[in-house]
Protein chains: 2
Amino acid sequence: MTDLKAEEKIKKAASEVFLLKGMDGARMQEIADRAGINKALLHYYYRSKEQLFQSVFEEKLLNFLPKIFQIFHGDQSIEEKVHVLADRYKDFLKLNPELPHFVLGELQRRPDRLFAKIDARLSMNLDVIGLQLKKEAQEGRIRLIDPKHFIANLISMIVFPFVASPLFIKVFNYDKEEYFDYLDQRKKEVPAFVMASLSV
Amino acid sequence: MTDLKAEEKIKKAASEVFLLKGMDGARMQEIADRAGINKALLHYYYRSKEQLFQSVFEEKLLNFLPKIFQIFHGDQSIEEKVHVLADRYKDFLKLNPELPHFVLGELQRRPDRLFAKIDARLSMNLDVIGLQLKKEAQEGRIRLIDPKHFIANLISMIVFPFVASPLFIKVFNYDKEEYFDYLDQRKKEVPAFVMASLSV
DNA sequence: ACCTGGTTTAACCATATGGTTAAATTTTCG
DNA sequence: CGAAAATTTAACCATATGGTTAAACCAGGT
């Protein structure tokens with residue numbers, strides 16, 4: 001940690017604190033402490049909390065959404081896409097478990113904040129996946145399904161167990177370790193569930 | 001609003017503010033304003049912000065979880081349960097759209113806070129639903145599925161579109177009205193999707 | 001040796017915020 | 001009516017917090 005440049009240390013510390021406590025709960029002092037520097041230097045690099053937050057938020061968001069959309073736009077079969085998505089995405093989320101809740105939370109609190117510059121990169125072309133679903137349906141490989149529901153179902157089953165982890169842990173009477181195993185199981189379970197539903 | 005008793009007005013105002021802004025973002029002054037009273041009276045009824053928050057949080061949680069669990073424990077068929085759940089729950093969430101995010105957020109921030117007194121009422125008996133799934137599978141009505149994945153899949157598909165509403169609205173290029181219609185569609189779509197997956 | 005930019009120290013400021021207090025006023029109700 | 005409870009007013013307090021400032025310190029590079 002010590003050999004990182006200050007700006008990097010700040011960014012990293014800010015990420016941690018903001019992800020854990022959100023914009024409102026985060027304290028500039030804690031970010032400075034965690035970065036191993038002092039408040040003066042913190043403001044030397046980032047003029048304000050808002051600015052620092054924006055910077056973290058945008059970076060996280062750009063790291064978060066395109067990961068999904070790219071896969072949807074690829075040229076594999078629906079079945080392959082479902083598998084890849086569940087697999088890649090779960091791995092990614094296991095490394096960033098607070099990310100979905102962070103993004104969704106700040107998004108809900110200020111829906112406008114997001115859609116300034118980022119717009120382009122986080123749009124998903126629904127037609128692409130819609131056409132593919134229709135085509136594979138005509139070929140008799142799957143049943144016909146509305147792409148919006150298909151996407152929502154899939155993403156929900158993948159992401160929600162992370163957002164709601166404390167709840168599921170409690171309901172299932174798991175400890176964190178066991179819950180991790182459970183999430184691993186879902187990398188196979190979710191695609192199986194989805195493809196079973198799509199089977200003709 | 002004027003004819004409510006002060007304590008009720010406070011509770012209602014606090015619910016609104018806490019749900020919208022979370023514990024950290026909420027301001028006692030705003031709660032007082034929204035309740036149409038003054039800060040002094042606010043503290044006259046609730047000694048501290050923490051106490052007021054707890055009170056709101058617990059009430060909301062007790063309103064939130066048992067609604068699901070009861071249905072799971074009933075004696076209808078799996079198919080009926082899936083339909084009832086999707087239907088009732090979506091209606092409930094449409095009236096309380098910020099609730100899931102609020103509960104999950106505060107839960108994640110302080111996982112301990114929840115599990116003091118409430119414990120009993122929010123536990124779900126996994127065995128009940130597990131046995132039913134097994135029985136119906138043996139009767140050849142559905143395929144066999146792990147109850148933990150069954151539940152997670154179902155709840156995820158129902159709840160997540162509320163938690164992630166700003167995102168879906170953007171991705172689907174909907175306005176709020178259209179998104180409401182979409183959520184209504186899902187009351188049929190989700191059970192159909194689930195039952196299709198469970199069909200033998 | 002010196003210049004420059006990064007970094008620390010430490011004091012400081014304005015404001016927001018949760019919370020308190022005491023007295024005055026209004027409402028409720030026996 | 002009259003006492004008790006509810007409510008307002010308005011000032012006040014302590015603390016936390018984001019942010020600033022100025023001077024000093026330290027490092028690397030020329």
# chains A, B, ... in the order shown; residues from 1 in each chain; ligands from 1
$ residues_around --residues "D:DT21" --least-positions-apart "3" --cutoff "12 Å" --atoms "only C-alpha atoms (C1' of nucleotides)" --output "number ranges by chain"
A: 40; C: 9-13
$ write_last_selection --atoms "C-alpha atoms (C1' of nucleotides)" --output "short mmCIF file (atom, residue, chain, number, x, y, z; two decimals), in the first residue's frame"
data_model
loop_
_atom_site.label_atom_id
_atom_site.label_comp_id
_atom_site.auth_asym_id
_atom_site.auth_seq_id
_atom_site.Cartn_x
_atom_site.Cartn_y
_atom_site.Cartn_z
CA ALA A 40 -5.09 18.54 3.51
"C1'" DT C 9 1.31 19.78 10.64
"C1'" DA C 10 -1.82 22.15 13.01
"C1'" DA C 11 -4.62 25.60 13.62
"C1'" DC C 12 -8.77 27.49 12.01
"C1'" DC C 13 -13.60 28.50 9.93
#
$ closest_atom_pairs --of "chain B" --to "chain C" --cutoff "9 Å" --atoms "only C-alpha atoms (C1' of nucleotides)" --output "Markdown table"
| residue | atom | partner | partner_atom | distance |
| --- | --- | --- | --- | --- |
| B:Arg27 | CA | C:DT17 | C1' | 8.0 |
| B:Met28 | CA | C:DG18 | C1' | 7.7 |
| B:Gln29 | CA | C:DT17 | C1' | 8.9 |
| B:Ala40 | CA | C:DT20 | C1' | 8.7 |
| B:His43 | CA | C:DG19 | C1' | 7.9 |
| B:Arg47 | CA | C:DG19 | C1' | 8.7 |
| B:Ser48 | CA | C:DG19 | C1' | 7.9 |
| B:Lys49 | CA | C:DG18 | C1' | 7.7 |
$ write_last_selection --atoms "C-alpha atoms" --output "mmCIF file, in the first residue's frame"
data_model
loop_
_atom_site.group_PDB
_atom_site.id
_atom_site.type_symbol
_atom_site.label_atom_id
_atom_site.label_comp_id
_atom_site.auth_asym_id
_atom_site.auth_seq_id
_atom_site.Cartn_x
_atom_site.Cartn_y
_atom_site.Cartn_z
ATOM 1 C CA ARG B 27 -32.449 14.759 8.900
ATOM 2 C CA MET B 28 -34.471 15.115 12.047
ATOM 3 C CA GLN B 29 -35.495 18.581 10.961
ATOM 4 C CA ALA B 40 -38.785 19.746 20.322
ATOM 5 C CA HIS B 43 -37.662 14.527 20.675
ATOM 6 C CA ARG B 47 -35.589 10.473 22.449
ATOM 7 C CA SER B 48 -33.083 9.987 19.626
ATOM 8 C CA LYS B 49 -32.739 9.559 15.911
#
$ interface_residues --of "chain D" --to "chain B" --cutoff "9 Å" --atoms "only C-alpha atoms (C1' of nucleotides)" --output "VMD selection string"
chain D and resid 6 to 8
$ write_last_selection --atoms "C-alpha atoms (C1' of nucleotides)" --output "short mmCIF file (atom, residue, chain, number, x, y, z; two decimals), in the first residue's frame"
data_model
loop_
_atom_site.label_atom_id
_atom_site.label_comp_id
_atom_site.auth_asym_id
_atom_site.auth_seq_id
_atom_site.Cartn_x
_atom_site.Cartn_y
_atom_site.Cartn_z
"C1'" DA D 6 -49.62 18.11 24.35
"C1'" DT D 7 -47.39 21.55 21.56
"C1'" DT D 8 -44.92 25.71 20.30
#
$ interface_residues --of "chain A" --to "chain B" --cutoff "7 Å" --atoms "only C-alpha atoms" --output "VMD selection string"
chain A and resid 21 24 to 25 104 107 to 109 111 123 to 124 153 156 to 157 160 164 166 171 193 to 194 196 to 197
$ calpha_fit_rmsd --fixed "chain B" --moving "chain A"
0.1 Å
$ residues_around --residues "A:Asp184" --least-positions-apart "5" --cutoff "9 Å" --atoms "only C-alpha atoms (C1' of nucleotides)" --output "VMD selection string"
chain A and resid 87 90 to 91 179 189
$ atom_distance --atom1 "atom CA of B:Lys12" --atom2 "atom CA of B:Ala35"
7.5 Å
$ closest_residue --among "B:Val128, B:Phe92, B:Gly36, B:Arg141" --to "B:Phe69" --atoms "only C-alpha atoms"
B:Val128
$ residues_around --residues "A:His73" --least-positions-apart "5" --cutoff "12 Å" --atoms "only C-alpha atoms (C1' of nucleotides)" --output "PyMOL selection string"
chain A and resi 66-68+78+81-82+85+123-132
$ write_last_selection --atoms "C-alpha atoms" --output "short mmCIF file (atom, residue, chain, number, x, y, z; two decimals), in the first residue's frame"
data_model
loop_
_atom_site.label_atom_id
_atom_site.label_comp_id
_atom_site.auth_asym_id
_atom_site.auth_seq_id
_atom_site.Cartn_x
_atom_site.Cartn_y
_atom_site.Cartn_z
CA PRO A 66 -20.52 -3.06 -19.56
CA LYS A 67 -19.43 -6.42 -18.19
CA ILE A 68 -23.01 -7.57 -18.60
CA ILE A 78 -28.39 -17.96 -25.96
CA LYS A 81 -24.49 -16.50 -23.13
CA VAL A 82 -26.50 -17.55 -20.14
CA LEU A 85 -22.95 -14.49 -17.84
CA SER A 123 -26.76 1.24 -23.13
CA MET A 124 -27.79 -2.21 -24.12
CA ASN A 125 -29.18 -2.96 -27.48
CA LEU A 126 -32.36 -4.83 -26.74
CA ASP A 127 -32.96 -5.54 -30.40
CA VAL A 128 -29.86 -7.66 -30.68
CA ILE A 129 -30.88 -10.04 -27.96
CA GLY A 130 -34.54 -9.81 -29.01
CA LEU A 131 -33.74 -10.90 -32.53
CA GLN A 132 -31.54 -13.71 -31.34
#
$ select_by_dssp --residues "stretch 34-105 of chain A" --states "helix (DSSP H, G or I)" --output "ChimeraX atom specification"
/A:34-35,39-45,49-73,78-95,99-105
$ atom_distance --atom1 "atom CA of B:Lys9" --atom2 "atom C1' of D:DA11"
25.8 Å
